[in-house]
Every structure is written in structure tokens, then in C-alpha cells.
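Note: the block below is my_file15.csv and it holds CSV, C-alpha atoms.
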```
chain,number,residue,atom,x,y,z
K,111,MET,CA,-73.5,106.7,-59.3
K,112,ARG,CA,-77.1,106.8,-58.1
K,113,PHE,CA,-79.6,103.9,-58.5
K,114,SER,CA,-83.4,104.3,-58.5
K,115,LEU,CA,-86.2,101.7,-58.3
K,116,ARG,CA,-88.5,102.5,-61.2
K,117,LYS,CA,-92.0,101.4,-60.2
K,118,ASP,CA,-93.3,103.8,-62.8
K,119,LEU,CA,-92.1,101.5,-65.5
K,120,ILE,CA,-93.2,98.2,-64.1
K,121,ASN,CA,-95.2,98.1,-60.9
K,122,TYR,CA,-95.2,94.4,-60.0
K,123,ARG,CA,-94.1,92.7,-56.8
K,124,ASP,CA,-91.8,90.1,-58.5
K,125,ILE,CA,-90.0,92.5,-60.9
K,126,ASN,CA,-87.5,95.2,-59.9
K,127,VAL,CA,-86.4,97.6,-62.6
K,128,ILE,CA,-83.5,99.7,-61.4
K,129,ASP,CA,-81.9,102.6,-63.4
K,130,PHE,CA,-78.5,104.3,-63.1
K,131,HIS,CA,-76.8,107.1,-64.9
K,132,ASN,CA,-73.5,106.5,-66.6
K,133,GLY,CA,-72.4,109.8,-68.0
K,134,GLN,CA,-75.3,111.2,-70.1
K,135,ASP,CA,-76.8,107.7,-70.6
K,136,VAL,CA,-79.5,106.0,-68.5
K,137,HIS,CA,-79.2,102.2,-68.1
K,138,PHE,CA,-81.4,99.6,-66.5
K,139,ILE,CA,-81.0,96.4,-64.5
K,140,ILE,CA,-84.0,94.0,-64.3
K,141,ASN,CA,-84.3,91.5,-61.4
K,142,VAL,CA,-87.0,88.9,-61.8
K,143,TYR,CA,-88.8,86.1,-59.9
K,144,SER,CA,-91.3,84.1,-61.8
K,145,ASP,CA,-93.6,81.7,-60.1
K,146,SER,CA,-94.9,78.4,-61.4
K,147,ASN,CA,-97.8,80.2,-63.2
K,148,GLN,CA,-95.2,82.4,-65.1
K,149,THR,CA,-97.3,85.5,-64.5
K,150,THR,CA,-94.1,87.5,-64.4
K,151,ILE,CA,-93.2,86.5,-67.9
K,152,GLN,CA,-96.5,87.9,-69.2
K,153,VAL,CA,-96.0,91.1,-67.3
K,154,LEU,CA,-92.6,91.5,-68.9
K,155,CYS,CA,-94.1,90.7,-72.3
K,156,ASN,CA,-96.5,93.6,-71.9
K,157,ASN,CA,-94.0,96.2,-70.5
K,158,THR,CA,-90.5,95.8,-71.9
K,159,ARG,CA,-91.3,98.5,-74.5
K,160,ASN,CA,-91.1,101.0,-71.7
K,161,ILE,CA,-87.5,100.1,-70.8
K,162,GLY,CA,-84.5,101.5,-72.6
K,163,ASN,CA,-80.9,100.4,-72.4
K,164,THR,CA,-80.9,97.3,-70.3
K,165,VAL,CA,-77.5,96.1,-69.0
K,166,VAL,CA,-78.5,92.9,-67.4
K,167,MET,CA,-81.7,90.9,-66.7
K,168,THR,CA,-81.4,88.2,-64.2
K,169,GLY,CA,-83.3,86.2,-61.6
K,170,ASP,CA,-85.2,83.0,-60.9
K,171,PHE,CA,-87.3,82.5,-64.0
K,172,ASN,CA,-88.5,79.1,-62.8
K,173,ILE,CA,-88.4,77.6,-66.3
K,174,ARG,CA,-86.8,74.2,-67.0
K,175,ASP,CA,-85.6,74.0,-70.6
K,176,ASN,CA,-82.9,72.1,-72.6
K,177,ASN,CA,-81.6,75.5,-73.9
K,178,TRP,CA,-79.8,76.1,-70.6
K,179,ASP,CA,-80.1,72.8,-68.7
K,180,PRO,CA,-78.6,69.7,-70.4
K,181,ASN,CA,-80.3,67.4,-68.0
K,182,VAL,CA,-83.7,68.5,-69.3
K,183,GLN,CA,-84.9,66.7,-72.5
K,184,TYR,CA,-87.6,69.1,-73.6
K,185,HIS,CA,-88.4,72.7,-74.3
K,186,SER,CA,-90.7,74.7,-72.1
K,187,ILE,CA,-93.8,76.3,-73.6
K,188,HIS,CA,-92.6,79.5,-71.9
K,189,MET,CA,-89.1,79.5,-73.3
K,190,LYS,CA,-90.0,81.3,-76.5
K,191,ASP,CA,-91.7,84.1,-74.6
K,192,LEU,CA,-88.6,84.6,-72.4
K,193,MET,CA,-86.3,84.6,-75.3
K,194,SER,CA,-88.5,87.1,-77.1
K,195,ILE,CA,-88.4,89.4,-74.1
K,196,ALA,CA,-84.6,89.2,-74.0
K,197,ASP,CA,-84.5,89.9,-77.8
K,198,SER,CA,-86.6,93.0,-77.4
K,199,LEU,CA,-84.1,94.3,-74.9
K,200,ASP,CA,-81.1,93.4,-77.1
K,201,LEU,CA,-80.0,90.8,-74.6
K,202,GLU,CA,-78.8,87.2,-75.0
K,203,LEU,CA,-78.6,84.3,-72.6
K,204,ALA,CA,-75.1,84.3,-71.0
K,205,SER,CA,-73.3,81.2,-69.8
K,206,PRO,CA,-71.4,81.0,-66.5
K,207,MET,CA,-67.7,80.4,-66.6
K,208,ASN,CA,-68.2,77.4,-64.3
K,209,PRO,CA,-71.5,75.7,-65.4
K,210,GLY,CA,-73.5,73.7,-63.0
K,211,PRO,CA,-76.8,73.4,-61.1
K,212,ILE,CA,-78.1,76.6,-59.6
K,213,ARG,CA,-81.1,75.2,-57.7
K,214,PHE,CA,-80.5,72.2,-55.4
K,215,ALA,CA,-83.4,69.8,-54.8
K,216,ASP,CA,-84.6,69.5,-51.3
K,217,ASN,CA,-85.2,65.7,-51.6
K,218,GLN,CA,-83.7,62.7,-53.2
K,219,TYR,CA,-86.5,62.2,-55.7
K,220,ASN,CA,-86.0,65.5,-57.6
K,221,SER,CA,-82.9,66.5,-59.5
K,222,ASN,CA,-80.9,69.7,-59.2
K,223,SER,CA,-81.7,72.2,-61.9
K,224,ILE,CA,-80.9,75.5,-63.6
K,225,LEU,CA,-83.6,78.1,-63.0
K,226,ASP,CA,-81.6,81.3,-62.4
K,227,LEU,CA,-80.5,82.9,-65.7
K,228,VAL,CA,-78.4,85.9,-66.8
K,229,PHE,CA,-79.2,87.8,-69.9
K,230,MET,CA,-76.8,90.5,-71.1
K,231,ASN,CA,-75.9,92.4,-74.2
K,232,PRO,CA,-73.3,90.2,-76.0
K,233,ASN,CA,-71.1,93.3,-76.6
K,234,ASN,CA,-70.8,93.9,-72.9
K,235,SER,CA,-67.3,92.9,-71.5
K,236,GLY,CA,-69.0,90.9,-68.8
K,237,PHE,CA,-70.9,88.6,-71.2
K,238,ASN,CA,-70.3,84.9,-70.5
K,239,LYS,CA,-68.1,85.8,-67.5
K,240,HIS,CA,-70.4,85.5,-64.5
K,241,ILE,CA,-69.6,82.7,-62.1
K,242,LEU,CA,-71.6,80.4,-59.7
K,243,LYS,CA,-70.6,80.4,-56.0
K,244,PRO,CA,-72.1,77.2,-54.5
K,245,ASP,CA,-69.6,77.5,-51.6
K,246,ILE,CA,-71.4,80.5,-50.2
K,247,ARG,CA,-75.1,79.5,-50.6
K,248,LEU,CA,-75.3,78.4,-46.9
K,249,LEU,CA,-78.9,77.3,-46.2
K,250,SER,CA,-80.3,78.6,-49.5
K,251,ASP,CA,-81.3,76.1,-52.2
K,252,HIS,CA,-80.1,78.6,-54.8
K,253,VAL,CA,-76.5,79.3,-55.8
K,254,PRO,CA,-75.4,82.9,-55.7
K,255,LEU,CA,-74.4,84.4,-59.1
K,256,ILE,CA,-71.5,86.8,-59.2
K,257,ILE,CA,-71.8,89.2,-62.2
K,258,ASP,CA,-69.4,91.9,-63.4
K,259,VAL,CA,-71.0,94.4,-65.7
K,260,GLY,CA,-68.7,96.5,-67.8
K,261,ILE,CA,-69.6,100.2,-68.1
K,262,LYS,CA,-67.5,103.0,-69.6
K,263,GLU,CA,-65.2,105.0,-67.4
K,264,GLU,CA,-65.8,108.7,-67.0
K,265,ASN,CA,-64.4,111.2,-64.6
K,266,ILE,CA,-67.1,113.5,-63.3
K,267,ASP,CA,-66.2,116.6,-61.4
K,268,LEU,CA,-68.7,117.2,-58.5
K,269,THR,CA,-69.0,120.5,-56.6
K,270,PHE,CA,-70.5,120.7,-53.2
K,271,GLN,CA,-70.6,123.1,-50.2
K,272,ALA,CA,-69.0,122.2,-46.9
K,273,ILE,CA,-67.7,123.6,-43.7
K,274,LYS,CA,-64.4,122.2,-42.3
K,275,LYS,CA,-64.6,120.8,-38.8
K,276,ASP,CA,-63.1,122.9,-36.1
K,277,SER,CA,-62.5,125.8,-38.5
K,278,GLU,CA,-63.3,129.5,-38.0
K,279,GLU,CA,-66.2,129.1,-40.5
K,280,GLU,CA,-67.7,126.4,-38.3
K,281,LYS,CA,-67.5,128.6,-35.2
K,282,ALA,CA,-69.2,131.5,-37.1
K,283,PHE,CA,-71.8,129.2,-38.5
K,284,ILE,CA,-72.7,127.9,-35.0
K,285,ARG,CA,-72.8,131.5,-33.6
K,286,ASP,CA,-75.2,132.6,-36.3
K,287,ILE,CA,-77.5,129.6,-35.6
K,288,ILE,CA,-77.5,130.4,-31.9
K,289,LYS,CA,-78.3,134.0,-32.6
K,290,GLY,CA,-81.1,133.0,-34.9
K,291,VAL,CA,-82.6,130.7,-32.3
K,292,ARG,CA,-82.5,133.4,-29.7
K,293,ASN,CA,-84.3,135.9,-32.0
K,294,ILE,CA,-87.3,133.6,-32.6
K,295,ASP,CA,-90.3,134.9,-30.7
K,296,THR,CA,-91.8,131.9,-28.8
K,297,SER,CA,-93.8,133.9,-26.3
K,298,ASN,CA,-97.2,133.3,-27.8
K,299,LEU,CA,-97.4,129.8,-29.3
K,300,VAL,CA,-101.1,129.0,-29.2
K,301,ASN,CA,-101.7,127.1,-32.4
K,302,LEU,CA,-100.2,125.0,-35.2
K,303,GLU,CA,-99.6,128.1,-37.3
K,304,ASP,CA,-97.5,129.7,-34.6
K,305,ILE,CA,-95.3,126.6,-34.3
K,306,GLN,CA,-95.0,126.5,-38.1
K,307,ARG,CA,-93.9,130.1,-38.1
K,308,CYS,CA,-91.1,129.4,-35.6
K,309,VAL,CA,-89.9,126.4,-37.6
K,310,THR,CA,-89.9,128.3,-40.8
K,311,THR,CA,-87.9,131.1,-39.2
K,312,LEU,CA,-85.4,128.7,-37.8
K,313,SER,CA,-85.0,126.9,-41.1
K,314,ALA,CA,-84.4,130.2,-42.9
K,315,SER,CA,-81.8,131.1,-40.3
K,316,VAL,CA,-79.9,127.9,-40.7
K,317,LYS,CA,-80.0,128.1,-44.5
K,318,ASN,CA,-78.7,131.7,-44.4
K,319,ALA,CA,-75.9,130.8,-42.0
K,320,TRP,CA,-74.9,127.9,-44.3
K,321,ALA,CA,-74.9,130.1,-47.4
K,322,ILE,CA,-72.6,132.7,-45.7
K,323,HIS,CA,-70.1,130.4,-44.1
K,324,SER,CA,-69.8,127.2,-46.2
K,325,LEU,CA,-67.3,127.0,-49.0
K,326,VAL,CA,-67.6,125.5,-52.5
K,327,LYS,CA,-65.4,122.5,-52.9
K,328,LYS,CA,-64.7,120.2,-55.9
K,329,ASN,CA,-64.5,116.4,-55.8
K,330,HIS,CA,-62.7,114.8,-58.7
```
Let me see whether you can do it: turn the structure in this file into C-alpha cells.
Amino acid sequence: MRFSLRKDLINYRDINVIDFHNGQDVHFIINVYSDSNQTTIQVLCNNTRNIGNTVVMTGDFNIRDNNWDPNVQYHSIHMKDLMSIADSLDLELASPMNPGPIRFADNQYNSNSILDLVFMNPNNSGFNKHILKPDIRLLSDHVPLIIDVGIKEENIDLTFQAIKKDSEEEKAFIRDIIKGVRNIDTSNLVNLEDIQRCVTTLSASVKNAWAIHSLVKKNH
């Protein structure tokens, strides 16, 4: 499974959109940090239409609201925008299996709070099953979230070319490369073009030796 950072979808320093392939489908993971000005929320509002199947959106949204923090007695003016973003991605706010504060105050005058949130598709097997791990937060003021995301199983047969170590094919491969290096004319290297010619010749020699001596293998 290969993951890619998709700056072409949202190119903003506090938003990471990552895609991965599961069978023929492409899914997305969105990681967010929103500062006190909630600029990130506005960027998401303007760009979620570019993102397809989102498995999970999570991060520090920096919004205190009674919807997810029982110690807060009010609703944030940014809450509706955030919930609208989640709705546009077919996601809902997920609750941890062990509810508690996620951000610990650094002084006695402020209270601990819940700022890090997880949004998932309610049909996903991992919905409402993430856990908080305050015992491993070390010096951080934020509690790590452990999230299991259910994706469908699929066996994919991969084919690749390889040369077995210490085999006769490996010995022949090395012989052909040595022969190719010896045949490169380096007697008159006077400019960049001459060096490039030698490099191109060497590269072609290695590719040809690999094509001749490597074997196609299948990985289940």
C-alpha cells in the first residue's frame, strides 16, 4: 500500500491530505492543525469539494465546544463550519472509547480541554473505537490518539524482477557490467557532453545486463 501527500488538492502548511489505494479505490486521510484564527477551517471550507473518499479527518482543531467537551458551556462560532466540512466528506464526529481531556493546561488557572477530534464515516468498523493514550504523552500537552481504520481485505499479486544473491545469474550480471565498463571510451573526456555520453552508455549497459539475467518473480 503506497501513500502520497497530495499538495495538488490542498497546498496549505497546516493541512496534510494523504491518499492511498485500496484495490481499485483511492481513499484520503486528512490531518489538520487549526490556529486560534481558524484560518485552516476556512481553507477546508473552500477545498473539500476536491477530495473524494475520505476515511478519517483528525487533528488539533483548536475549537472549544459543548458538542465534544462537557466542561464547556457554550457553542463555538466555528463549530457549524467544522461540522459542515465533515458532512461534505460524509464523516461524523467519533467518540473515543475512553473519553477524557486531550489537551492538558500548562498552568493552574486554565482547565484541561478537548481540542483534538476524530471524524470518520459512521459505517467504518473503526468508528467510535479510537482510544486516548495519556500514559505515552511524555512532555507533550496533547494526548496521542490511537485510531484503527477498517479497510477491505484484498490479495494482490505483485510481479517483480530479481537476481538471487550468490547465484549463477548474479555472477553473469556482474561480468556483463564489468565488460560494459571496460568498453566505455574515456580517452577523450573534454566537456560535459562527453561525460554524459559515458554515463548514458554505462546506464544502458547495466539495464541490458539486468534485463538478460534477472528473473520475473511473483509475490502473493
Exercise. Do you have the CA of Asn208 in chain K-CA of Ile241 in chain K distance handy?
Worked result: 5.9 Å
Problem set entry | 12 Å contact set for Leu154 in chain K, only C-alpha atoms, chain neighbours under 6 positions out, as a ChimeraX atom specification | /K:119-122,124-127,140-144,148,160-161,167,171,191-196,198-199
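Between CA of Arg116 in chain K and CA of Leu255 in chain K the interatomic distance comes to 23.0 Å.
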For this session: Can you work out which one of K:Ser277, K:Ser223, K:Thr310, K:Ser297 has the shortest atom-to-atom distance to His323 in chain K, counting all atoms listed in the file?
Result: K:Ser277
For this session: Using all atoms listed in the file, give me every residue within 10 Å of (-81.7, 98.1, -75.6) in file coordinates, as number ranges by chain.
Result: K: 137-138, 158-159, 161-165, 196-201, 231
Problem set entry | Spatial neighbours of Asp226 in chain K, max dist 8 Å, all atoms listed in the file, sep filter under 3 positions, as a list in words | Thr168, Gly169, Asp170, Phe171, Asn172, Ile212 and Arg213 of chain K
For this session: Determine the nearest neighbour of Asp118 in chain K from the options K:Asp135, K:Thr150, K:Pro211, K:Asn157, counting all atoms listed in the file.
Result: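 Closest to Asp118 in chain K, using all atoms listed in the file: K:Asn157.
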For this session: Would you please work out which residue, of K:Ile288, K:Val300, K:Thr269, K:Thr311, is nearest to Leu325 in chain K when using all atoms listed in the file?
Result: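 Closest residue, counting all atoms listed in the file: K:Thr269.
Between Gln271 in chain K and the residues K:His240, K:Ile256, K:Val316, K:Ile322, the shortest atom-to-atom distance, using all atoms listed in the file, involves K:Ile322.
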Problem set entry | Point (-68.0, 76.9, -65.1), cut-off 10 Å, counting all atoms listed in the file, residues as an MDAnalysis selection string | chainID K and resid 205:210 238:242
For this session: Might you pull out every residue within 9 Å of Tyr184 in chain K, with only C-alpha atoms counted and same-chain residues fewer than 3 positions away left off, and present them as a PyMOL selection string?
Result: chain K and resi 174-177
Exercise. Of the candidates K:Ile173, K:Val309, K:Ile139, K:Ala314, which shows the shortest atom-to-atom distance to Met230 in chain K, using all atoms listed in the file?
Worked result: K:Ile139
